[in-house]
Amino acid sequence: MQAAVITFPGSNCDRDAAVVLEAVTGRPPAMIWHRDTNLPKLDLIVVPGGFTYGDYLRVGAMAAHSPIMREVVELAKKGVAVFGICNGFQILCETGLLPGTLMRNADRNFVCRDVHLRVETSDSIYTRKYNAGSVTRVPVAHGEGNYFADQDTLDRLDGEGQVAFRYVDTYGAETKAANPNGSQRNIAGIFDKSRRILGMMPHPERLADEKVGGTDGRAMFESLLEALS
Amino acid sequence: MTITPEIVKSHGLSPDEYKLVLEIMGREPNLTELGIFSVMWSEHCSYKSSKKWLKTLPTTAPWVICGPGENAGVIDIGDGLAAIFKMESHNHPSFIEPYQGAATGVGGILRDVFTMGARPIANMNALRFGDPKHPKTRHLVSGVVAGIGGYGNCVGVPTVGGETNFHPSYNGNILVNAMTVGLAKADRIFYSAAAGVGNPVVYVGSKTGRDGIHGATMASAEFSADNEEKRPTVQVGDPFTEKLLIEACLELMATDCIVAIQDMGAAGLTSSSFEMASKGGLGIEMDLDNVPMREEGMTAYEIMLSESQERMLMVLKPGSEPQAKAIFDKWELDFAIVGTLTDTGRMVLKRHGEVVADLPIDPLAQASPEYDRPWVPSVKRPVIDLHDVPAHNPLVALKTLLGSPDLASRRWIWERYDHMVMNDTVVRPGGDSAVVRIHGTNRGLAITTDCTPRYVYADPHEGGRQAVAEAYRNLSATGAKPLAVTDNLDFGNPEKPEIMGQIVESIQGIGEACKALDFPIVSGNVSLYNETEGKAILPTPALGAVGLIDDLDTVTTIPFKRDGDAIIVIGETKGWMGSSLYLRELCGREDGAPPPVALHREKREGEFVRAMIAAGAISASHDVSDGGLLVAIAEMAMASNTGCTLEPPHNLAAHGWWFGEDQGRYVLTAAQDRLPEILEAAQRGDISARVIGSVGGDDLTLTGVGAISVSDLKQRNEAWLPDFMSSPDSNA
């Protein structure tokens, strides 16, 4: 599997994603600077977390208009897997690769802590190593992760199995207390129709190493390795 | 323009200091030159009141690569690596404009560290706020925490820990002390001494605006009721640019272009250029027209005194300019050649083709005033007899203490900070020390910030010793070998002999403890005039300390790990009540001598605890500090959602045993089958170690007294801060 991680001005989880990709796949990902447009042959593109362009306009809005994202959209159309984490998810929504938008957290505060996610389907290249319905622990760290879309879009996401993860309590129940940001229907991550594009606010790359507190996120990278190799 | 006594006064210079200015200049200075003297000789930049005493601090050890005097301290951590760190205050700006004041405090300390060639790997902070009941307190907590998070989260450096206190003495003068720790190759450290006549002086980073003019002078004066008017002197931070500046500087540092580099912090272009020239024994000629500017029509005075953020000054090797410029172009940052090094020893500044300032560098930078200010020793307080302190039911007292502002959980604060970015946070906030992994290795750095201002107020000497000892314990409790300290000395007006007495005695105490514990001071910052309307803060010499963990597999944390583990207290308990939280929160008293620190015992106990941790004998550990033994044990229980059963004390009143704040103590847990080796080692080392109970169940049980559920305790401990932050705004 050949993966790439894109670095924008202000990306700050690019190294974290690269370290985990290399640890799991045994192969360092290509690090792509946002002005590069000549991409190698790729199976997976990771759009990492951070504060691209300071998020001074609307989160992800500036990065969505950079030349590299035009390339990413083209490659996504050709079936290359695209994985947006945190700010990467916000960017994918801004480019239109995923529906909806991420608003300011409901309590208006940045939040960094472990949350519990229910894996809604194991039928995807990202989640095949998880059991559907299982609960996994992954950290969030964002100020604007409050997922919003209109009711029709939400119904469609639900109806077509495009919700990848929901915030739940440790028992798997979708409660208000388990939702760290006020996201509609406790949505933490969504697929596109093909399920080859995933955007999620939580950071699976941050709990993929026993030393930093857990490995629940590692199965996502193992899923990708199995599916894309 | 003629310089009148009023202009001199408004620049914070005394008549005597102005006389010295005239002597050095040999003529009357113009306004730009006066402004430069003013910031260079401000307390903030010159340490004129504290220098005499700072010199007495121990600053060397075989592992110290660079002590105080550079942008930050540098220590050798083995394997060809160095840790670079410092703590710095941003108190006055944070009180006036909490979000930007705190944010730019973080930005400034980050630059101090990456200026020297280190990638910042962790941020910490030490915060002091006023009485929670004071109408401004919540607004200040909210703004400061958001500002620290807003900056640190965006630059992508984890904020891994810190400390927060509340006390009415900070009502008009909060303290925001920020610390950064960075990692560099030991043979790739960058310094600020300029070298090479004719070499280009280069400005990089953000453009210069009119913000923060005279910030350093403001930070060197007492506050008065009109401080709201000083809002325009607070700088505005741009963490996005800082992130680019970090990456661009580190990329440039990997090449061979840089001769010297210095960030533009307090007093901006003035102090950075003077420091570089002075350290190199050279002169600089600068054409201010080439300084990237954000605003039209800026004067030389404004350009030199601006404290616009995210800027650096460097001296490059001749001919390397194109290579360096390409890197800054890539990161979309300004790059401007603004001057040249000369051999004149003078700073010559040009604007619009004319010389607008011409000053000798050394007399300004090095011959700044140094005062031996009069001071009086602090008055010793009586030792409080335990029998004169009422005994409350220990479980009731515990509940009260855990829900009090100084002991309540800080979770609400640290969840506002990204404490995991960089993926090397091994011990997250909430423990004794934060631990970050040295990237790509199985070694780590433990980091802590400590000071107990109420002890320092009660006895500056003993309180200074205690701050060092507590930092030493917090590092030891995780298994880290304590290596070095950075100090951030926050005090009131040094022109008052009793305040000067606090400064002198606490520095003496800190020095004594650092010497005894092989724990040198490698960097620091002094913040004086922390007074409003004549009322000083509690003396607060905040310390940040770093320790090394050779094997991350041995890191020990505070949560209980296994039912059945024995609970052991290390150190002696006599029931010290003076200046304790029990006395304050249960009895409404803040009197009494603070607990004494026995430094030789601290060292022995620290070594013992580290040895036991390294041997894998310890399952959990925690130092005993604010609130005493029962609070420490309850914190271990709450961190693990697990109860314990504790035996009553022998020969000591229960409230003294459970809540006395005797120093030099740890709580350890261990599997029963490791107990004999631990107790035997303690006996060999002449260390007091006593088994007082065991881990298990859902309740914290005191044999013969009763039980309380750990989840109740936790609920109470965690509720205070979120409730406080969400209560209706009484100041609206």
# chains A, B, ... in the order shown; residues from 1 in each chain; ligands from 1
>>> residues_around(residues="Ile189 of chain B", least_positions_apart="4", cutoff="12 Å", atoms="only C-alpha atoms", output="JSON, numbers by chain")
{"B": [65, 66, 70, 71, 72, 73, 74, 75, 76, 80, 81, 82, 83, 84, 113, 114, 115, 116, 117, 118, 119, 182, 183, 184, 185, 250, 253, 254, 258, 259, 260, 261]}
>>> write_last_selection(atoms="N, CA and C atoms", output="compact mmCIF listing (two decimals), in the first residue's frame")
# COMPACT_ATOMS: atom_id res chain seq x y z
N ILE B 65 24.58 22.30 29.50
CA ILE B 65 25.30 22.77 28.31
C ILE B 65 25.30 24.29 28.28
N CYS B 66 24.19 24.89 28.66
CA CYS B 66 24.10 26.35 28.65
C CYS B 66 23.16 26.80 29.77
N GLU B 70 21.26 32.98 27.95
CA GLU B 70 20.84 32.83 26.56
C GLU B 70 19.30 32.84 26.54
N ASN B 71 18.74 32.53 25.38
CA ASN B 71 17.28 32.55 25.28
C ASN B 71 16.62 31.53 26.19
N ALA B 72 17.30 30.39 26.40
CA ALA B 72 16.74 29.34 27.25
C ALA B 72 17.90 28.49 27.76
N GLY B 73 17.63 27.65 28.76
CA GLY B 73 18.66 26.77 29.30
C GLY B 73 18.76 25.50 28.47
N VAL B 74 19.95 24.92 28.44
CA VAL B 74 20.19 23.72 27.63
C VAL B 74 20.85 22.66 28.50
N ILE B 75 20.27 21.45 28.51
CA ILE B 75 20.91 20.36 29.25
C ILE B 75 21.09 19.15 28.36
N ASP B 76 22.13 18.40 28.67
CA ASP B 76 22.47 17.18 27.94
C ASP B 76 21.57 16.06 28.47
N GLY B 80 23.33 12.08 22.40
CA GLY B 80 23.56 13.20 21.48
C GLY B 80 22.44 14.22 21.45
N LEU B 81 21.54 14.16 22.43
CA LEU B 81 20.39 15.08 22.44
C LEU B 81 20.47 16.06 23.61
N ALA B 82 19.80 17.18 23.41
CA ALA B 82 19.72 18.19 24.47
C ALA B 82 18.27 18.59 24.67
N ALA B 83 17.91 18.88 25.92
CA ALA B 83 16.60 19.47 26.21
C ALA B 83 16.82 20.96 26.46
N ILE B 84 15.98 21.78 25.85
CA ILE B 84 16.10 23.23 25.96
C ILE B 84 14.80 23.75 26.54
N VAL B 113 12.67 29.04 22.78
CA VAL B 113 13.19 27.67 22.71
C VAL B 113 13.59 27.28 21.29
N PHE B 114 12.76 27.61 20.30
CA PHE B 114 13.18 27.18 18.95
C PHE B 114 14.25 28.07 18.36
N THR B 115 14.42 29.29 18.92
CA THR B 115 15.55 30.14 18.53
C THR B 115 16.87 29.40 18.72
N MET B 116 16.90 28.52 19.70
CA MET B 116 18.17 27.86 20.02
C MET B 116 18.36 26.57 19.23
N GLY B 117 17.42 26.28 18.37
CA GLY B 117 17.58 25.10 17.51
C GLY B 117 16.74 23.91 17.91
N ALA B 118 15.87 24.09 18.90
CA ALA B 118 15.08 22.96 19.39
C ALA B 118 13.69 22.94 18.77
N ARG B 119 13.21 21.75 18.49
CA ARG B 119 11.79 21.62 18.17
C ARG B 119 11.03 21.59 19.49
N GLY B 182 11.93 21.97 24.62
CA GLY B 182 12.23 21.56 23.25
C GLY B 182 13.36 20.56 23.21
N LEU B 183 13.51 19.97 22.04
CA LEU B 183 14.50 18.91 21.85
C LEU B 183 15.40 19.29 20.68
N ALA B 184 16.73 19.18 20.89
CA ALA B 184 17.67 19.51 19.83
C ALA B 184 18.82 18.53 19.85
N LYS B 185 19.58 18.51 18.76
CA LYS B 185 20.83 17.75 18.78
C LYS B 185 21.83 18.56 19.60
N LEU B 250 13.57 25.88 11.71
CA LEU B 250 14.20 24.56 11.88
C LEU B 250 14.76 24.06 10.55
N MET B 253 17.90 25.92 10.08
CA MET B 253 18.92 25.48 11.04
C MET B 253 19.57 24.16 10.62
N ALA B 254 18.89 23.41 9.78
CA ALA B 254 19.48 22.17 9.28
C ALA B 254 20.54 22.45 8.22
N ILE B 258 23.34 29.90 9.33
CA ILE B 258 23.14 30.83 10.46
C ILE B 258 24.40 31.03 11.29
N VAL B 259 24.74 32.29 11.57
CA VAL B 259 25.83 32.60 12.49
C VAL B 259 25.26 32.80 13.90
N ALA B 260 24.16 33.52 13.98
CA ALA B 260 23.55 33.82 15.27
C ALA B 260 22.07 34.11 15.04
N ILE B 261 21.30 33.84 16.06
CA ILE B 261 19.85 34.06 15.92
C ILE B 261 19.25 34.42 17.27
>>> interface_residues(of="chain A", to="chain B", cutoff="7 Å", atoms="only C-alpha atoms", output="MDAnalysis selection string")
chainID A and resid 9:10 12:13 16 50:51 53:54 109:113 141 206 211:213
>>> write_last_selection(atoms="N, CA, C and O atoms", output="mmCIF file, in the first residue's frame")
data_model
loop_
_atom_site.group_PDB
_atom_site.id
_atom_site.type_symbol
_atom_site.label_atom_id
_atom_site.label_comp_id
_atom_site.auth_asym_id
_atom_site.auth_seq_id
_atom_site.Cartn_x
_atom_site.Cartn_y
_atom_site.Cartn_z
ATOM 1 N N PRO A 9 0.293 24.601 4.949
ATOM 2 C CA PRO A 9 0.754 25.515 5.993
ATOM 3 C C PRO A 9 -0.238 25.449 7.159
ATOM 4 O O PRO A 9 -1.432 25.666 6.952
ATOM 5 N N GLY A 10 0.248 25.082 8.325
ATOM 6 C CA GLY A 10 -0.633 24.977 9.489
ATOM 7 C C GLY A 10 -1.082 23.565 9.824
ATOM 8 O O GLY A 10 -1.706 23.350 10.855
ATOM 9 N N ASN A 12 -0.690 20.153 11.538
ATOM 10 C CA ASN A 12 0.199 19.799 12.642
ATOM 11 C C ASN A 12 0.080 18.352 13.099
ATOM 12 O O ASN A 12 0.715 17.950 14.066
ATOM 13 N N CYS A 13 -0.736 17.558 12.389
ATOM 14 C CA CYS A 13 -0.789 16.129 12.710
ATOM 15 C C CYS A 13 -0.228 15.315 11.553
ATOM 16 O O CYS A 13 -0.466 14.107 11.475
ATOM 17 N N ASP A 16 2.301 12.851 12.893
ATOM 18 C CA ASP A 16 1.640 11.797 13.676
ATOM 19 C C ASP A 16 1.042 10.732 12.751
ATOM 20 O O ASP A 16 1.172 9.531 12.991
ATOM 21 N N GLY A 50 -4.895 19.694 12.063
ATOM 22 C CA GLY A 50 -4.108 20.911 12.220
ATOM 23 C C GLY A 50 -4.992 22.127 12.107
ATOM 24 O O GLY A 50 -6.212 22.052 12.307
ATOM 25 N N PHE A 51 -4.356 23.229 11.820
ATOM 26 C CA PHE A 51 -5.086 24.500 11.659
ATOM 27 C C PHE A 51 -4.611 25.119 10.352
ATOM 28 O O PHE A 51 -3.821 26.049 10.343
ATOM 29 N N TYR A 53 -3.893 27.254 7.375
ATOM 30 C CA TYR A 53 -4.026 28.705 7.208
ATOM 31 C C TYR A 53 -4.599 29.361 8.470
ATOM 32 O O TYR A 53 -5.276 30.379 8.414
ATOM 33 N N GLY A 54 -4.304 28.750 9.621
ATOM 34 C CA GLY A 54 -4.761 29.305 10.886
ATOM 35 C C GLY A 54 -6.259 29.126 11.116
ATOM 36 O O GLY A 54 -6.771 29.523 12.141
ATOM 37 N N ASN A 109 -16.337 25.560 23.481
ATOM 38 C CA ASN A 109 -14.973 25.322 23.962
ATOM 39 C C ASN A 109 -14.255 24.288 23.106
ATOM 40 O O ASN A 109 -14.858 23.321 22.655
ATOM 41 N N PHE A 110 -12.944 24.481 22.962
ATOM 42 C CA PHE A 110 -12.086 23.433 22.411
ATOM 43 C C PHE A 110 -12.157 22.251 23.374
ATOM 44 O O PHE A 110 -12.227 22.429 24.593
ATOM 45 N N VAL A 111 -12.114 21.031 22.846
ATOM 46 C CA VAL A 111 -12.151 19.870 23.738
ATOM 47 C C VAL A 111 -11.114 18.844 23.297
ATOM 48 O O VAL A 111 -11.018 18.495 22.128
ATOM 49 N N CYS A 112 -10.303 18.410 24.258
ATOM 50 C CA CYS A 112 -9.321 17.360 24.005
ATOM 51 C C CYS A 112 -9.508 16.282 25.057
ATOM 52 O O CYS A 112 -9.250 16.516 26.247
ATOM 53 N N ARG A 113 -10.005 15.137 24.654
ATOM 54 C CA ARG A 113 -10.137 14.008 25.577
ATOM 55 C C ARG A 113 -10.465 12.741 24.791
ATOM 56 O O ARG A 113 -10.803 12.818 23.617
ATOM 57 N N ALA A 141 -9.729 16.291 19.575
ATOM 58 C CA ALA A 141 -9.042 17.539 19.940
ATOM 59 C C ALA A 141 -9.447 18.578 18.908
ATOM 60 O O ALA A 141 -8.831 18.702 17.863
ATOM 61 N N ARG A 206 -3.873 8.781 17.098
ATOM 62 C CA ARG A 206 -3.336 9.120 18.421
ATOM 63 C C ARG A 206 -3.468 7.989 19.430
ATOM 64 O O ARG A 206 -2.941 8.088 20.529
ATOM 65 N N LYS A 211 2.237 2.841 24.193
ATOM 66 C CA LYS A 211 3.002 3.790 25.015
ATOM 67 C C LYS A 211 2.244 5.105 25.276
ATOM 68 O O LYS A 211 2.438 5.739 26.299
ATOM 69 N N VAL A 212 1.411 5.498 24.335
ATOM 70 C CA VAL A 212 0.698 6.756 24.555
ATOM 71 C C VAL A 212 -0.740 6.507 25.001
ATOM 72 O O VAL A 212 -1.573 7.396 24.938
ATOM 73 N N GLY A 213 -1.019 5.279 25.434
ATOM 74 C CA GLY A 213 -2.277 5.065 26.127
ATOM 75 C C GLY A 213 -3.266 4.095 25.508
ATOM 76 O O GLY A 213 -4.316 3.853 26.089
#
>>> residues_around(residues="segment 69-76 of chain A", least_positions_apart="3", cutoff="8 Å", atoms="only C-alpha atoms", output="PDB file with N, CA and C atoms, in the first residue's frame")
ATOM      1  N   THR A  37       2.019  19.240  -7.203  1.00  0.00           N
ATOM      2  CA  THR A  37       0.833  18.725  -7.895  1.00  0.00           C
ATOM      3  C   THR A  37       1.164  17.458  -8.656  1.00  0.00           C
ATOM      4  N   ILE A  45      -4.706   8.638   0.368  1.00  0.00           N
ATOM      5  CA  ILE A  45      -4.255   9.990   0.691  1.00  0.00           C
ATOM      6  C   ILE A  45      -4.827  10.369   2.050  1.00  0.00           C
ATOM      7  N   ALA A  63      -7.693  25.783   2.703  1.00  0.00           N
ATOM      8  CA  ALA A  63      -7.004  24.586   2.200  1.00  0.00           C
ATOM      9  C   ALA A  63      -7.803  23.928   1.075  1.00  0.00           C
ATOM     10  N   ALA A  64      -9.136  23.983   1.202  1.00  0.00           N
ATOM     11  CA  ALA A  64      -9.989  23.333   0.190  1.00  0.00           C
ATOM     12  C   ALA A  64      -9.754  23.929  -1.186  1.00  0.00           C
ATOM     13  N   HIS A  65      -9.259  25.153  -1.250  1.00  0.00           N
ATOM     14  CA  HIS A  65      -9.050  25.803  -2.546  1.00  0.00           C
ATOM     15  C   HIS A  65      -7.601  25.769  -3.002  1.00  0.00           C
ATOM     16  N   SER A  66      -6.760  25.009  -2.320  1.00  0.00           N
ATOM     17  CA  SER A  66      -5.364  24.946  -2.758  1.00  0.00           C
ATOM     18  C   SER A  66      -5.248  23.970  -3.924  1.00  0.00           C
ATOM     19  N   GLY A  79     -11.096   6.677  -7.579  1.00  0.00           N
ATOM     20  CA  GLY A  79     -11.172   5.577  -6.620  1.00  0.00           C
ATOM     21  C   GLY A  79     -10.057   5.507  -5.604  1.00  0.00           C
ATOM     22  N   VAL A  80      -9.143   6.473  -5.610  1.00  0.00           N
ATOM     23  CA  VAL A  80      -8.111   6.480  -4.573  1.00  0.00           C
ATOM     24  C   VAL A  80      -8.775   6.805  -3.225  1.00  0.00           C
ATOM     25  N   ALA A  81      -8.412   6.055  -2.207  1.00  0.00           N
ATOM     26  CA  ALA A  81      -9.009   6.283  -0.890  1.00  0.00           C
ATOM     27  C   ALA A  81      -8.504   7.603  -0.313  1.00  0.00           C
ATOM     28  N   VAL A  82      -9.420   8.377   0.264  1.00  0.00           N
ATOM     29  CA  VAL A  82      -9.058   9.660   0.861  1.00  0.00           C
ATOM     30  C   VAL A  82      -9.579   9.684   2.303  1.00  0.00           C
ATOM     31  N   THR A  95     -14.442  20.887   0.399  1.00  0.00           N
ATOM     32  CA  THR A  95     -14.246  20.596  -1.029  1.00  0.00           C
ATOM     33  C   THR A  95     -15.492  19.972  -1.647  1.00  0.00           C
ATOM     34  N   LEU A  97     -16.303  16.819  -1.155  1.00  0.00           N
ATOM     35  CA  LEU A  97     -16.144  15.367  -1.239  1.00  0.00           C
ATOM     36  C   LEU A  97     -17.051  14.666  -0.236  1.00  0.00           C
ATOM     37  N   ILE A 197     -14.002   7.255   0.777  1.00  0.00           N
ATOM     38  CA  ILE A 197     -13.614   8.515   1.397  1.00  0.00           C
ATOM     39  C   ILE A 197     -14.205   8.526   2.800  1.00  0.00           C
TER      40      ILE A 197
END
>>> residues_around(residues="Leu630 of chain B", least_positions_apart="2", cutoff="9 Å", atoms="only C-alpha atoms", output="list of chain:residue names")
B:Pro394, B:Leu398, B:Val624, B:Gly627, B:Gly628, B:Ala632, B:Ile633, B:Ala634, B:Glu635, B:Trp657, B:Trp658, B:Phe659
>>> write_last_selection(atoms="all heavy atoms", output="mmCIF file, in the first residue's frame")
data_model
loop_
_atom_site.group_PDB
_atom_site.id
_atom_site.type_symbol
_atom_site.label_atom_id
_atom_site.label_comp_id
_atom_site.auth_asym_id
_atom_site.auth_seq_id
_atom_site.Cartn_x
_atom_site.Cartn_y
_atom_site.Cartn_z
ATOM 1 N N PRO B 394 -12.575 13.198 59.547
ATOM 2 C CA PRO B 394 -11.663 13.215 58.400
ATOM 3 C C PRO B 394 -12.372 13.037 57.050
ATOM 4 O O PRO B 394 -11.934 13.612 56.055
ATOM 5 C CB PRO B 394 -10.710 12.046 58.662
ATOM 6 C CG PRO B 394 -10.986 11.548 60.016
ATOM 7 C CD PRO B 394 -12.237 12.182 60.539
ATOM 8 N N LEU B 398 -12.220 15.723 54.183
ATOM 9 C CA LEU B 398 -11.707 15.332 52.867
ATOM 10 C C LEU B 398 -12.622 15.839 51.762
ATOM 11 O O LEU B 398 -12.171 16.399 50.751
ATOM 12 C CB LEU B 398 -11.590 13.802 52.783
ATOM 13 C CG LEU B 398 -11.137 13.254 51.422
ATOM 14 C CD1 LEU B 398 -9.700 13.681 51.118
ATOM 15 C CD2 LEU B 398 -11.253 11.732 51.375
ATOM 16 N N VAL B 624 3.098 13.673 48.228
ATOM 17 C CA VAL B 624 2.115 14.232 49.159
ATOM 18 C C VAL B 624 2.386 15.729 49.236
ATOM 19 O O VAL B 624 3.487 16.140 49.576
ATOM 20 C CB VAL B 624 2.257 13.591 50.553
ATOM 21 C CG1 VAL B 624 1.242 14.207 51.519
ATOM 22 C CG2 VAL B 624 2.068 12.085 50.473
ATOM 23 N N GLY B 627 -2.868 19.692 51.010
ATOM 24 C CA GLY B 627 -3.982 18.937 51.576
ATOM 25 C C GLY B 627 -3.552 17.726 52.379
ATOM 26 O O GLY B 627 -4.339 17.161 53.117
ATOM 27 N N GLY B 628 -2.304 17.276 52.204
ATOM 28 C CA GLY B 628 -1.790 16.187 53.024
ATOM 29 C C GLY B 628 -2.067 14.791 52.493
ATOM 30 O O GLY B 628 -2.498 14.595 51.346
ATOM 31 N N ALA B 632 -3.837 13.064 48.997
ATOM 32 C CA ALA B 632 -2.997 12.366 48.017
ATOM 33 C C ALA B 632 -3.582 10.988 47.703
ATOM 34 O O ALA B 632 -3.680 10.589 46.536
ATOM 35 C CB ALA B 632 -1.573 12.233 48.546
ATOM 36 N N ILE B 633 -3.968 10.266 48.745
ATOM 37 C CA ILE B 633 -4.508 8.921 48.527
ATOM 38 C C ILE B 633 -5.843 8.999 47.782
ATOM 39 O O ILE B 633 -6.105 8.221 46.865
ATOM 40 C CB ILE B 633 -4.660 8.173 49.870
ATOM 41 C CG1 ILE B 633 -3.266 7.944 50.484
ATOM 42 C CG2 ILE B 633 -5.406 6.861 49.691
ATOM 43 C CD1 ILE B 633 -3.283 7.396 51.901
ATOM 44 N N ALA B 634 -6.673 9.975 48.143
ATOM 45 C CA ALA B 634 -7.962 10.128 47.453
ATOM 46 C C ALA B 634 -7.734 10.431 45.970
ATOM 47 O O ALA B 634 -8.483 9.966 45.105
ATOM 48 C CB ALA B 634 -8.785 11.235 48.112
ATOM 49 N N GLU B 635 -6.702 11.201 45.655
ATOM 50 C CA GLU B 635 -6.421 11.509 44.249
ATOM 51 C C GLU B 635 -6.047 10.237 43.480
ATOM 52 O O GLU B 635 -6.421 10.060 42.317
ATOM 53 C CB GLU B 635 -5.298 12.558 44.145
ATOM 54 C CG GLU B 635 -5.793 13.968 44.516
ATOM 55 C CD GLU B 635 -4.687 15.013 44.684
ATOM 56 O OE1 GLU B 635 -3.499 14.635 44.836
ATOM 57 O OE2 GLU B 635 -5.028 16.212 44.718
ATOM 58 N N TRP B 657 -2.463 13.559 61.147
ATOM 59 C CA TRP B 657 -1.988 12.449 60.300
ATOM 60 C C TRP B 657 -2.538 12.571 58.878
ATOM 61 O O TRP B 657 -1.801 12.489 57.904
ATOM 62 C CB TRP B 657 -2.415 11.132 60.941
ATOM 63 C CG TRP B 657 -2.222 9.899 60.102
ATOM 64 C CD1 TRP B 657 -3.201 9.148 59.526
ATOM 65 C CD2 TRP B 657 -0.984 9.264 59.748
ATOM 66 N NE1 TRP B 657 -2.665 8.095 58.846
ATOM 67 C CE2 TRP B 657 -1.291 8.139 58.962
ATOM 68 C CE3 TRP B 657 0.370 9.548 60.022
ATOM 69 C CZ2 TRP B 657 -0.325 7.281 58.441
ATOM 70 C CZ3 TRP B 657 1.338 8.691 59.499
ATOM 71 C CH2 TRP B 657 0.993 7.587 58.717
ATOM 72 N N TRP B 658 -3.806 12.818 58.749
ATOM 73 C CA TRP B 658 -4.417 12.789 57.409
ATOM 74 C C TRP B 658 -4.218 14.093 56.638
ATOM 75 O O TRP B 658 -4.184 14.081 55.413
ATOM 76 C CB TRP B 658 -5.922 12.486 57.486
ATOM 77 C CG TRP B 658 -6.259 11.110 57.974
ATOM 78 C CD1 TRP B 658 -7.042 10.793 59.043
ATOM 79 C CD2 TRP B 658 -5.828 9.867 57.426
ATOM 80 N NE1 TRP B 658 -7.123 9.428 59.202
ATOM 81 C CE2 TRP B 658 -6.394 8.839 58.213
ATOM 82 C CE3 TRP B 658 -5.016 9.512 56.339
ATOM 83 C CZ2 TRP B 658 -6.177 7.479 57.952
ATOM 84 C CZ3 TRP B 658 -4.794 8.169 56.086
ATOM 85 C CH2 TRP B 658 -5.377 7.171 56.887
ATOM 86 N N PHE B 659 -4.115 15.220 57.362
ATOM 87 C CA PHE B 659 -4.125 16.505 56.641
ATOM 88 C C PHE B 659 -2.915 17.398 56.908
ATOM 89 O O PHE B 659 -2.823 18.488 56.337
ATOM 90 C CB PHE B 659 -5.416 17.276 56.954
ATOM 91 C CG PHE B 659 -6.657 16.488 56.638
ATOM 92 C CD1 PHE B 659 -7.461 15.988 57.649
ATOM 93 C CD2 PHE B 659 -6.989 16.221 55.316
ATOM 94 C CE1 PHE B 659 -8.595 15.234 57.353
ATOM 95 C CE2 PHE B 659 -8.118 15.467 55.016
ATOM 96 C CZ PHE B 659 -8.927 14.972 56.036
#
>>> atom_distance(atom1="atom CA of Val119 of chain A", atom2="atom CA of Ile190 of chain A")
11.0 Å
>>> closest_residue(among="A:Leu92, A:Asp107, A:Gly214, A:Ser223", to="Met725 of chain B", atoms="only C-alpha atoms")
A:Asp107
>>> select_by_dssp(residues="segment 274-312 of chain B", states="strand (DSSP E or B)", output="NGL selection string")
:B and (283-287 or 293 or 311-312)
>>> select_by_dssp(residues="segment 142-254 of chain B", states="alpha helix (DSSP H)", output="ChimeraX atom specification")
/B:142-155,215-218,239-253
>>> residues_around(residues="Phe191 of chain A", least_positions_apart="2", cutoff="8 Å", atoms="only C-alpha atoms", output="list of chain:residue names")
A:Leu98, A:Gln162, A:Val163, A:Ala164, A:Gly189, A:Lys193, A:Ser194, A:Arg195, A:Arg196, A:Ile197, A:Leu198, A:Gly199
>>> write_last_selection(atoms="C-alpha atoms", output="compact mmCIF listing (two decimals), in the first residue's frame")
# COMPACT_ATOMS: atom_id res chain seq x y z
CA LEU A 98 -18.28 14.81 1.85
CA GLN A 162 -22.65 6.34 5.28
CA VAL A 163 -22.31 7.07 8.97
CA ALA A 164 -18.99 5.52 9.95
CA GLY A 189 -17.35 10.36 11.03
CA LYS A 193 -21.26 6.82 -1.12
CA SER A 194 -18.42 4.54 -2.22
CA ARG A 195 -17.11 4.34 1.36
CA ARG A 196 -13.62 5.00 0.00
CA ILE A 197 -13.61 8.52 1.40
CA LEU A 198 -13.83 8.88 5.17
CA GLY A 199 -13.86 12.02 7.25
>>> residues_around(residues="Asp686 of chain B", least_positions_apart="6", cutoff="12 Å", atoms="only C-alpha atoms", output="PyMOL selection string")
chain B and resi 570-572+600-601+604-605+608+679-680
